[in-house]
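Here is the file entry.txt (compact mmCIF, C-alpha atoms).
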```txt
# COMPACT_ATOMS: atom_id res chain seq x y z
CA MET A 25 -22.29 -94.68 57.92
CA PRO A 26 -23.87 -98.13 58.57
CA SER A 27 -27.38 -96.70 58.25
CA LEU A 28 -26.44 -95.23 54.86
CA PHE A 29 -25.08 -98.61 53.79
CA TYR A 30 -28.27 -100.42 54.84
CA MET A 31 -30.43 -97.83 53.12
CA ALA A 32 -28.47 -98.17 49.86
CA ALA A 33 -28.64 -101.94 50.10
CA ALA A 34 -32.41 -101.81 50.66
CA ILE A 35 -32.81 -99.50 47.67
CA ALA A 36 -30.73 -101.90 45.55
CA VAL A 37 -32.81 -104.93 46.53
CA PHE A 38 -36.12 -103.12 46.11
CA SER A 39 -35.27 -101.63 42.72
CA THR A 40 -33.98 -104.99 41.49
CA LEU A 41 -37.25 -106.63 42.54
CA MET A 42 -39.19 -103.89 40.78
CA MET A 43 -37.02 -104.42 37.71
CA LEU A 44 -37.82 -108.12 37.65
CA THR A 45 -41.57 -107.59 37.91
CA ARG A 46 -42.01 -104.85 35.30
CA LEU A 47 -43.63 -105.75 32.00
CA ASN A 48 -42.17 -102.99 29.85
CA ALA A 49 -38.48 -103.07 29.05
CA VAL A 50 -38.02 -99.31 29.44
CA HIS A 51 -39.48 -99.29 32.95
CA ALA A 52 -37.29 -102.25 33.88
CA LEU A 53 -34.27 -100.42 32.51
CA LEU A 54 -35.05 -97.39 34.68
CA TYR A 55 -35.20 -99.56 37.80
CA LEU A 56 -32.05 -101.42 36.76
CA ILE A 57 -30.13 -98.16 36.43
CA VAL A 58 -31.31 -97.13 39.91
CA SER A 59 -30.22 -100.53 41.21
CA LEU A 60 -26.75 -100.08 39.72
CA LEU A 61 -26.45 -96.62 41.28
CA ALA A 62 -27.45 -98.08 44.65
CA VAL A 63 -24.82 -100.79 44.31
CA ALA A 64 -22.29 -98.08 43.52
CA VAL A 65 -23.23 -96.32 46.78
CA VAL A 66 -22.79 -99.65 48.56
CA PHE A 67 -19.31 -99.96 47.07
CA TYR A 68 -18.46 -96.45 48.17
CA SER A 69 -19.60 -97.07 51.72
CA LEU A 70 -17.63 -100.33 51.76
CA GLY A 71 -14.43 -98.41 51.09
CA ALA A 72 -13.99 -99.01 47.36
CA PRO A 73 -14.51 -95.63 45.65
CA PHE A 74 -12.64 -96.66 42.50
CA ILE A 75 -14.98 -99.59 41.96
CA ALA A 76 -17.96 -97.33 42.63
CA ALA A 77 -16.80 -94.96 39.90
CA LEU A 78 -16.25 -97.86 37.51
CA GLU A 79 -19.71 -99.19 38.29
CA ILE A 80 -21.35 -95.88 37.44
CA ILE A 81 -19.20 -95.15 34.38
CA ILE A 82 -19.22 -98.56 32.73
CA TYR A 83 -22.35 -100.32 33.99
CA ALA A 84 -24.81 -97.44 34.30
CA GLY A 85 -23.16 -95.37 31.61
CA ALA A 86 -22.10 -97.70 28.82
CA ILE A 87 -23.90 -101.02 29.16
CA MET A 88 -27.26 -99.47 29.99
CA VAL A 89 -26.93 -97.14 27.00
CA LEU A 90 -26.46 -100.25 24.86
CA PHE A 91 -29.63 -101.73 26.34
CA VAL A 92 -31.60 -98.54 25.74
CA PHE A 93 -30.35 -98.39 22.14
CA VAL A 94 -31.44 -101.96 21.46
CA VAL A 95 -34.82 -101.51 23.13
CA MET A 96 -35.44 -98.42 21.03
CA LEU A 97 -34.16 -100.16 17.87
CA LEU A 98 -36.48 -103.12 18.28
CA ASN A 99 -39.63 -100.99 18.27
CA LEU A 100 -39.33 -99.37 14.86
CA GLY A 101 -42.56 -99.13 12.90
CA GLU A 102 -45.80 -97.28 12.53
CA ARG A 103 -47.06 -98.04 15.97
CA ALA A 104 -43.80 -96.96 17.59
CA THR A 105 -44.99 -93.47 18.47
CA GLU A 106 -48.19 -94.63 20.14
CA LEU A 107 -46.20 -97.27 21.97
CA GLU A 108 -43.73 -94.67 23.17
CA ARG A 109 -46.54 -92.39 24.23
CA SER A 110 -48.16 -95.17 26.19
CA TRP A 111 -44.85 -96.19 27.76
CA VAL A 112 -43.37 -92.85 28.73
CA ARG A 113 -46.02 -91.63 31.11
CA PRO A 114 -44.97 -89.27 33.87
CA ARG A 115 -46.49 -91.65 36.40
CA MET A 116 -43.88 -94.29 35.61
CA TYR A 117 -40.99 -92.01 36.52
CA VAL A 118 -42.17 -91.60 40.11
CA GLY A 119 -40.73 -94.82 41.54
CA PRO A 120 -37.21 -94.57 40.07
CA ALA A 121 -37.17 -90.83 40.79
CA ILE A 122 -37.93 -91.37 44.49
CA LEU A 123 -35.25 -94.05 44.80
CA ALA A 124 -32.71 -91.94 42.92
CA ALA A 125 -33.53 -88.94 45.13
CA LEU A 126 -32.85 -91.09 48.21
CA LEU A 127 -29.49 -92.05 46.72
CA LEU A 128 -28.75 -88.40 45.98
CA ALA A 129 -29.53 -87.49 49.59
CA GLU A 130 -27.17 -90.24 50.74
CA MET A 131 -24.44 -88.89 48.48
CA VAL A 132 -24.90 -85.38 49.86
CA ILE A 133 -24.70 -86.71 53.43
CA MET A 134 -21.53 -88.63 52.56
CA LEU A 135 -19.98 -85.58 50.94
CA LEU A 136 -20.74 -83.45 54.00
CA GLN A 137 -18.77 -85.77 56.28
CA THR A 138 -15.55 -85.64 54.33
CA HIS A 139 -13.32 -86.92 57.11
CA VAL A 140 -15.22 -90.15 57.50
CA ALA A 141 -15.30 -90.80 53.76
CA ALA A 142 -11.60 -90.10 53.33
CA HIS A 143 -10.66 -92.24 56.30
CA SER A 144 -12.81 -95.24 55.40
CA ILE A 145 -10.98 -96.18 52.21
CA ALA A 146 -10.09 -99.79 52.86
CA VAL A 147 -8.31 -100.65 49.65
CA GLY A 148 -7.31 -97.72 47.52
CA PRO A 149 -7.06 -97.52 43.73
CA LYS A 150 -3.26 -97.59 43.89
CA GLU A 151 -3.16 -101.04 45.47
CA VAL A 152 -5.76 -102.27 43.01
CA GLY A 153 -3.67 -101.03 40.07
CA THR A 154 -0.51 -102.57 41.49
CA ALA A 155 -2.24 -105.91 41.92
CA LEU A 156 -3.88 -105.66 38.48
CA TYR A 157 -0.62 -105.12 36.61
CA GLY A 158 1.45 -107.33 38.91
CA PRO A 159 0.23 -110.88 39.58
CA TYR A 160 -2.92 -110.45 37.46
CA LEU A 161 -1.17 -109.31 34.28
CA ILE A 162 -2.08 -112.44 32.35
CA GLY A 163 -5.72 -111.81 33.29
CA VAL A 164 -5.52 -108.31 31.79
CA GLU A 165 -4.15 -109.78 28.57
CA LEU A 166 -6.92 -112.39 28.49
CA ALA A 167 -9.53 -109.68 29.10
CA SER A 168 -8.14 -107.68 26.19
CA MET A 169 -8.36 -110.72 23.94
CA LEU A 170 -11.92 -111.35 25.15
CA LEU A 171 -12.91 -107.78 24.36
CA LEU A 172 -11.31 -108.02 20.92
CA GLY A 173 -13.20 -111.24 20.25
CA ALA A 174 -16.45 -109.67 21.41
CA LEU A 175 -15.81 -106.68 19.14
CA VAL A 176 -15.23 -108.86 16.09
CA GLY A 177 -18.19 -111.09 16.94
CA ALA A 178 -20.59 -108.22 17.51
CA TYR A 179 -19.47 -106.58 14.26
CA HIS A 180 -19.96 -109.82 12.37
CA LEU A 181 -23.43 -110.37 13.82
CA GLY A 182 -24.45 -106.79 13.25
CA ALA A 183 -23.10 -106.38 9.74
CA GLY A 184 -24.20 -109.74 8.37
CA LYS A 185 -27.55 -108.37 7.22
CA ARG A 186 -25.92 -105.90 4.85
CA GLU A 187 -24.91 -108.64 2.39
CA ALA A 188 -28.48 -109.53 1.48
CA PRO A 189 -29.52 -106.36 -0.45
CA SER A 190 -26.23 -106.29 -2.42
CA GLU A 191 -27.11 -109.61 -4.03
CA GLY A 192 -30.10 -108.05 -5.77
CA SER A 193 -30.10 -107.44 -9.51
CA HIS A 194 -30.53 -103.67 -9.16
CA ALA A 195 -26.96 -103.15 -8.01
CA ASP A 196 -25.71 -102.03 -11.44
CA THR A 197 -28.57 -99.77 -12.51
CA TYR A 198 -28.24 -96.09 -13.10
CA GLU A 199 -30.08 -95.15 -9.89
CA SER A 200 -27.77 -97.14 -7.69
CA ARG A 201 -24.75 -95.60 -9.34
CA THR A 202 -26.00 -92.07 -8.92
CA VAL A 203 -26.99 -92.80 -5.34
CA ALA A 204 -23.58 -94.24 -4.64
CA GLY A 205 -21.98 -91.20 -6.27
CA GLY A 206 -19.67 -93.33 -8.38
CA ASP A 207 -20.96 -92.28 -11.78
CA LEU A 208 -18.95 -89.09 -12.10
CA ILE A 209 -15.74 -90.82 -11.16
CA ARG A 210 -16.33 -93.93 -13.18
CA ALA A 211 -17.19 -92.00 -16.36
CA GLY A 212 -13.72 -90.50 -16.58
CA THR A 213 -11.92 -93.76 -15.94
CA ASP A 214 -13.98 -95.58 -18.55
CA ARG A 215 -13.15 -93.03 -21.19
CA THR A 216 -9.44 -92.98 -20.49
CA VAL A 217 -9.30 -96.77 -20.67
CA GLY A 218 -11.17 -96.75 -23.98
CA ALA A 219 -9.00 -93.93 -25.32
CA ALA A 220 -5.84 -95.72 -24.30
CA GLN A 221 -6.94 -98.86 -26.09
CA SER A 222 -7.91 -96.95 -29.22
CA ASP A 223 -4.52 -95.27 -29.15
CA PHE A 224 -2.75 -98.55 -28.50
CA HIS A 225 -4.18 -100.60 -31.34
CA PRO A 226 -3.10 -98.39 -34.28
CA ASP A 227 0.46 -98.49 -32.96
CA VAL A 228 0.48 -102.29 -33.11
CA HIS A 229 -0.90 -102.37 -36.60
CA MET B 20 -41.24 -117.40 33.87
CA ARG B 21 -39.90 -114.52 31.84
CA ARG B 22 -39.04 -115.49 28.29
CA ASN B 23 -38.20 -112.07 26.92
CA LEU B 24 -34.64 -112.03 25.63
CA ILE B 25 -34.01 -108.47 26.80
CA PHE B 26 -35.12 -109.39 30.31
CA ILE B 27 -32.90 -112.47 30.25
CA LEU B 28 -29.89 -110.30 29.42
CA MET B 29 -30.81 -107.78 32.11
CA SER B 30 -31.13 -110.55 34.68
CA ILE B 31 -27.69 -111.84 33.65
CA GLU B 32 -26.40 -108.33 34.35
CA VAL B 33 -27.98 -108.40 37.82
CA MET B 34 -26.43 -111.79 38.58
CA LEU B 35 -22.97 -110.68 37.42
CA ASN B 36 -23.35 -107.55 39.51
CA ALA B 37 -24.21 -109.66 42.55
CA ALA B 38 -21.13 -111.80 42.01
CA GLY B 39 -18.99 -108.67 41.74
CA LEU B 40 -20.56 -107.29 44.90
CA ALA B 41 -19.65 -110.49 46.73
CA PHE B 42 -16.06 -110.20 45.46
CA VAL B 43 -15.74 -106.58 46.57
CA VAL B 44 -17.26 -107.28 50.00
CA ALA B 45 -14.86 -110.17 50.55
CA GLY B 46 -11.95 -108.02 49.40
CA SER B 47 -12.84 -105.24 51.78
CA ARG B 48 -13.41 -107.71 54.62
CA TRP B 49 -9.87 -109.12 54.41
CA MET B 50 -8.35 -105.84 53.15
CA GLN B 51 -7.03 -107.37 49.94
CA PRO B 52 -7.17 -105.76 46.48
CA ASP B 53 -7.96 -109.08 44.77
CA GLY B 54 -11.69 -108.62 45.10
CA GLN B 55 -11.66 -105.31 43.25
CA VAL B 56 -9.39 -106.80 40.57
CA MET B 57 -11.92 -109.59 40.11
CA PHE B 58 -14.70 -107.01 39.85
CA ILE B 59 -12.80 -105.28 37.03
CA PHE B 60 -12.52 -108.62 35.22
CA ILE B 61 -16.25 -109.23 35.72
CA LEU B 62 -16.91 -105.77 34.32
CA ALA B 63 -14.91 -106.49 31.15
CA MET B 64 -16.61 -109.85 30.77
CA ALA B 65 -20.05 -108.29 31.22
CA ALA B 66 -19.29 -105.66 28.57
CA ALA B 67 -18.21 -108.33 26.08
CA GLU B 68 -21.22 -110.50 26.90
CA VAL B 69 -23.66 -107.62 26.49
CA ALA B 70 -22.17 -106.61 23.12
CA VAL B 71 -22.43 -110.10 21.66
CA GLY B 72 -25.75 -110.84 23.37
CA LEU B 73 -27.47 -107.71 22.11
CA ALA B 74 -26.19 -108.32 18.58
CA LEU B 75 -27.65 -111.83 18.81
CA VAL B 76 -30.95 -110.40 20.09
CA LEU B 77 -31.13 -108.03 17.12
CA ARG B 78 -30.48 -110.88 14.69
CA LEU B 79 -33.07 -113.11 16.37
CA TYR B 80 -35.63 -110.32 16.27
CA HIS B 81 -35.02 -109.77 12.56
CA VAL B 82 -35.27 -113.48 11.82
CA HIS B 83 -38.21 -114.45 14.03
CA GLY B 84 -40.02 -111.15 14.53
CA SER B 85 -40.37 -111.61 18.27
CA LEU B 86 -38.29 -111.51 21.43
CA ASP B 87 -39.59 -114.82 22.75
CA ALA B 88 -36.77 -117.14 23.73
CA ASP B 89 -38.90 -120.15 22.71
CA ALA B 90 -39.21 -118.83 19.16
CA ALA B 91 -35.60 -119.74 18.44
CA SER B 92 -36.22 -123.49 18.51
CA GLU B 93 -35.11 -124.65 15.07
CA MET B 94 -32.55 -127.08 16.44
CA ARG B 95 -34.94 -128.92 18.78
CA GLY B 96 -32.05 -130.55 20.60
```
Same coordinates, now as structure tokens:
Amino acid sequence: MPSLFYMAAAIAVFSTLMMLTRLNAVHALLYLIVSLLAVAVVFYSLGAPFIAALEIIIYAGAIMVLFVFVVMLLNLGERATELERSWVRPRMYVGPAILAALLLAEMVIMLLQTHVAAHSIAVGPKEVGTALYGPYLIGVELASMLLLGALVGAYHLGAGKREAPSEGSHADTYESRTVAGGDLIRAGTDRTVGAAQSDFHPDVH
Amino acid sequence: MRRNLIFILMSIEVMLNAAGLAFVVAGSRWMQPDGQVMFIFILAMAAAEVAVGLALVLRLYHVHGSLDADAASEMRG
């Protein structure tokens, strides 16, 4: 077990160094994902399997997907396809693939010795949950407020650009109405309002 | 020195991960669940920071047309 821990730690350090020295963001993201997986193996060998699962699910699964989305969003344009073709060469997958294969071999070795893995749980998920919703309850509430604030802030920053095209003068033209699909609905309402007024005025006179 | 905004955010992730690793190691050394609780808090904070940070990066790229951190220097503090 200690040799597996040192190997995972070495893979984490090496892949983080490779991440810091890459020039392309996609290559750096590949090495960063391998680094996070190696840190998850370190957590597992330290006796924290719940934290290892959280690391893989949230860090390598959610946050890295956000990074990949943004990196792919920022390279829109005509030269995007050539750029992608020059970035995604099979040669660049070799380094992360070797490191990930080493981690996979470690995981298989750990799964084969089930007794050691089950016995080496230092602090289980039950104690973590009890501590999280016991003395740290105010921290959970603060984290929920932080996440809500981040949600509102990210929505505001992301949706602020949409106000600019609506200020243009073409917002009330026929094309925009037909594109928006509101012409069929609005035609009926206009006519009923006009008919109601034309019915209403003779009654007054 | 790297001045790419994406790389700055990724390095922040690495630093937060290192802090969480230190918390978990300390928690498993003294057999206390507090370290893992702190790692969960760091995880939530990192998710919030990445959401806001990447939205800011998108806005900066649309305004300045580059990912250079020195391009956003209108304030000139």
Restrict the calculation to all atoms listed in the file, then for each residue of chain A with any atom at most 8 Å from an atom of chain B give the closest atom pair and their distance in Å to one decimal, rows by chain and rising residue number, as JSON lines.
```
{"residue": "A:Thr40", "atom": "CA", "partner": "B:Val33", "partner_atom": "CA", "distance": 7.8}
{"residue": "A:Leu44", "atom": "CA", "partner": "B:Ser30", "partner_atom": "CA", "distance": 7.7}
{"residue": "A:Ala49", "atom": "CA", "partner": "B:Phe26", "partner_atom": "CA", "distance": 7.3}
{"residue": "A:Leu56", "atom": "CA", "partner": "B:Met29", "partner_atom": "CA", "distance": 8.0}
{"residue": "A:Val63", "atom": "CA", "partner": "B:Leu40", "partner_atom": "CA", "distance": 7.8}
{"residue": "A:Phe67", "atom": "CA", "partner": "B:Val43", "partner_atom": "CA", "distance": 7.5}
{"residue": "A:Leu70", "atom": "CA", "partner": "B:Ser47", "partner_atom": "CA", "distance": 6.9}
{"residue": "A:Gly71", "atom": "CA", "partner": "B:Ser47", "partner_atom": "CA", "distance": 7.0}
{"residue": "A:Ala72", "atom": "CA", "partner": "B:Ser47", "partner_atom": "CA", "distance": 7.7}
{"residue": "A:Ile75", "atom": "CA", "partner": "B:Gln55", "partner_atom": "CA", "distance": 6.7}
{"residue": "A:Ile82", "atom": "CA", "partner": "B:Leu62", "partner_atom": "CA", "distance": 7.7}
{"residue": "A:Tyr83", "atom": "CA", "partner": "B:Leu62", "partner_atom": "CA", "distance": 7.7}
{"residue": "A:Ile87", "atom": "CA", "partner": "B:Ala66", "partner_atom": "CA", "distance": 6.6}
{"residue": "A:Leu90", "atom": "CA", "partner": "B:Ala70", "partner_atom": "CA", "distance": 7.9}
{"residue": "A:Phe91", "atom": "CA", "partner": "B:Leu73", "partner_atom": "CA", "distance": 7.6}
{"residue": "A:Val94", "atom": "CA", "partner": "B:Leu73", "partner_atom": "CA", "distance": 7.0}
{"residue": "A:Val95", "atom": "CA", "partner": "B:Ile25", "partner_atom": "CA", "distance": 7.9}
{"residue": "A:Leu98", "atom": "CA", "partner": "B:Leu77", "partner_atom": "CA", "distance": 7.4}
{"residue": "A:Ala146", "atom": "CA", "partner": "B:Ser47", "partner_atom": "CA", "distance": 6.2}
{"residue": "A:Val147", "atom": "CA", "partner": "B:Pro52", "partner_atom": "CA", "distance": 6.1}
{"residue": "A:Glu151", "atom": "CA", "partner": "B:Pro52", "partner_atom": "CA", "distance": 6.3}
{"residue": "A:Val152", "atom": "CA", "partner": "B:Pro52", "partner_atom": "CA", "distance": 5.1}
{"residue": "A:Ala155", "atom": "CA", "partner": "B:Pro52", "partner_atom": "CA", "distance": 6.7}
{"residue": "A:Leu156", "atom": "CA", "partner": "B:Val56", "partner_atom": "CA", "distance": 6.0}
{"residue": "A:Gly163", "atom": "CA", "partner": "B:Phe60", "partner_atom": "CA", "distance": 7.8}
{"residue": "A:Val164", "atom": "CA", "partner": "B:Phe60", "partner_atom": "CA", "distance": 7.8}
{"residue": "A:Ala167", "atom": "CA", "partner": "B:Ala63", "partner_atom": "CA", "distance": 6.6}
{"residue": "A:Leu170", "atom": "CA", "partner": "B:Ala67", "partner_atom": "CA", "distance": 7.0}
{"residue": "A:Leu171", "atom": "CA", "partner": "B:Ala67", "partner_atom": "CA", "distance": 5.6}
{"residue": "A:Ala174", "atom": "CA", "partner": "B:Ala67", "partner_atom": "CA", "distance": 5.2}
{"residue": "A:Leu175", "atom": "CA", "partner": "B:Ala70", "partner_atom": "CA", "distance": 7.5}
{"residue": "A:Gly177", "atom": "CA", "partner": "B:Val71", "partner_atom": "CA", "distance": 6.4}
{"residue": "A:Ala178", "atom": "CA", "partner": "B:Val71", "partner_atom": "CA", "distance": 4.9}
{"residue": "A:Leu181", "atom": "CA", "partner": "B:Ala74", "partner_atom": "CA", "distance": 5.9}
{"residue": "A:Gly182", "atom": "CA", "partner": "B:Ala74", "partner_atom": "CA", "distance": 5.8}
```
As lines of an AutoDock Vina configuration file, please report the centre and edge lengths, rounded to one decimal in Å, of the axis-aligned box that holds all listed atoms of region 177-182 of chain A with 3 Å of padding on each of the six sides.
```
center_x = -21.3
center_y = -108.8
center_z = 14.9
size_x = 12.3
size_y = 10.5
size_z = 11.1
```
Shortest interatomic distance to Tyr55 (chain A) - which of A:Gly85, A:Gly148, A:Pro26, A:Pro120, counting all atoms listed in the file: A:Pro120
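In this structure, CA of Phe74 (chain A) sits 22.9 Å away from CA of Leu123 (chain A).
Between Tyr30 (chain A) and the candidates A:Gly119, A:Glu79, A:Leu127, A:Ile57, the tightest atom-to-atom separation, counting all atoms listed in the file, involves A:Leu127.
Between CA of Ala33 (chain A) and CA of Ser59 (chain A) lies a distance of 9.1 Å.
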